[in-house]
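Here's the structure we're looking at; comments come further down.
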Amino acid sequence: MKVICATLNAKYIHTNLAIRYLKAFAFPEFDIQLKEYTIKDPVMNIVSDLYQQKPTVIGFSCYIWNIEETLKVISMLKKIDPSLLIVLGGPEVSYDTLEWMKNYQDIDFIVMGEGELTFKKLLSEISTDKHYENVPGIAFRSNDQVIVTPQRNKLDLKELPSPYRFSEDIPHLSKRVTYIETSRGCPFSCQFCLSSIEVGVRYFDREKIKDDIRWLMANGAKTIKFVDRTFNISRSYAMEMFRFLIDEHLPGTVFQFEITADIMRPEVIEFLNQEAPEGLFRFEIGVQSTNDFTNELVRRKQNFSKLMRTVTMVKEGGKIDQHLDLIAGLPEEDYSSFRQTFNDVFDMRPEELQLGFLKMLRGTGVRLRADEHQYVYMDHSPYEILSNNVLSFDDVIRIKQVEDVLEKYWNDHRMDYTVEYLVSKVFETPFEFFQEFGSYWDEQGWSRIGHQLEDLFRRLDAFLKQKTVEHHDIITGLMKYDYLKNHKFKPRKPWWAQSTDKGIRTKMYKQIIESPKLLGKDFLELNLGEMELYKHTVLEELSFDLQKYLQFGEIQRGSAFLLTYFDPTNNKAMLFPFFEK
């Protein structure tokens, strides 16, 4: 009997941990073949590839991001080969199981919840007596009736075999994200999250996990993401793992964690700030809302002042990038309240701020009590909200406009200095900047067309000109600085029209050649000749002392310049602002 476990990932760089657990647990009785695709792959290509393997059973791992495409795949497979047995598992089908079985006749079995032992037992019954009623935690059909068997007790995670050491994964480890878990479950009860349904936290064997991480690094894994819902729920455990990763990591490896920031003790952060190499760790922190009433309604315990303390201490340490999450559309959080939430969190200046919208996941408390807040949401995955009693669809559209430009202009770090100036000096609050610019972006139809880097600068410039903001020349200078510092090579067509008079440029180049120390020690050490200066640099005139602004945040008007040297050996830009006194 040939068995395949398959899934459709959101992107190629993602990997699916669930099907690897199934393969590891079923071996040696069943030698499962793994097949991973993406939701962008043509359905016909997926079907053709799976069909040519001539399997008896295909199990699909199902989530909100892949269920629609997965259903298309199994529908085609069943038309081609009705004898093929289709098994679905994963969080998307573990709830409302009867509904799935009744509405989709192509599904033969659904494995509910934790699947390692259940799937192996199901395969045993398929290959022998077919007494499916003896398999705990599945749904199946018998005489046109859907039968759902009671789920089994939770597994002892310390007894699970490693899902990380398959030889076929080795060629891909350096190119993809490796997901690893050291615990299952969550101690919290947030009603919008599936993790709230499972009571308690169970841990894997620590030493086995450490050995797996050593093996993964030795075989090329570069990005290792822990999928634990709250990595730092046990301070002693988190400290032990942090110490291990600091001591034994290999160069170029990055570890990502989901942490609960308001329970992280200051001494843990101080330890990380002192001991962790820069860039080794990356934290993901779910803030979701700073509205106390909203958090109370979704049973989310959060001390925002302590969360802020953690984020600030980590940021000041300069070692760890932080990704903070917000959810728009939570109960009783209207547009005004969400604006406040956004500003509260943006004030901490996280390296990334993800603005998402509430998804009414099957099995969660917010979905079960959707009528209490008059939720209107998509019937199909990802079940995103469209409105509720305090947030209209017009409000949702406006917040989506914020999300669009936030991603392009903050999270991608193309204009850090420009955006910082705009949100702190020009607009009343950060939210106002992103909202006004996002609305303008949408009105221009730019959300429906692509863009290159230069377009992002031109479009921001157009927005600011139509608003007639003060000190546009300062903003333009910062935009030029942001643009040039993000280039490895001398740009052929900058986004701005040439503004420096040719005569002034010639005069300044001559002055630089005669007195290179004018641009400082780093420039002097380059020892550039006249030909290199003209060939590999860009000179731009500014209206203020950029160096003083970058150092002290002060604006001093006057004759100023920015020389950018594009190092052809190291493929990087070196920027030298200077000021004529």
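Residues are referred to by chain and number: the chain letter is A, B, ... according to the order shown in the structure tokens, the number counts from 1 in that chain, and ligands are numbered separately from 1 in the order shown.
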Can you check which residues of segment 381-540 of chain A DSSP gives as strand (DSSP E) on the backbone and send them as a PyMOL selection string?
-> chain A and resi 385-387+537-540
From the list A:Tyr534, A:Phe271, A:Phe566, A:Tyr481, the nearest residue to Tyr549 of chain A using only C-alpha atoms is A:Tyr481
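In terms of minimum interatomic distance to Leu368 of chain A, A:Tyr95 ranks closest within A:Phe60, A:Tyr95, A:Phe544, A:Tyr104, counting only C-alpha atoms.
Nearest residue to Trp100 of chain A among A:Val146, A:Val469, A:Ile46, A:Cys190 is A:Val146, counting only C-alpha atoms.
Checking A:Phe257, A:Trp215, A:Phe109, A:Phe357 one by one against Ser167 of chain A, counting only C-alpha atoms, you find the shortest gap at A:Trp215.
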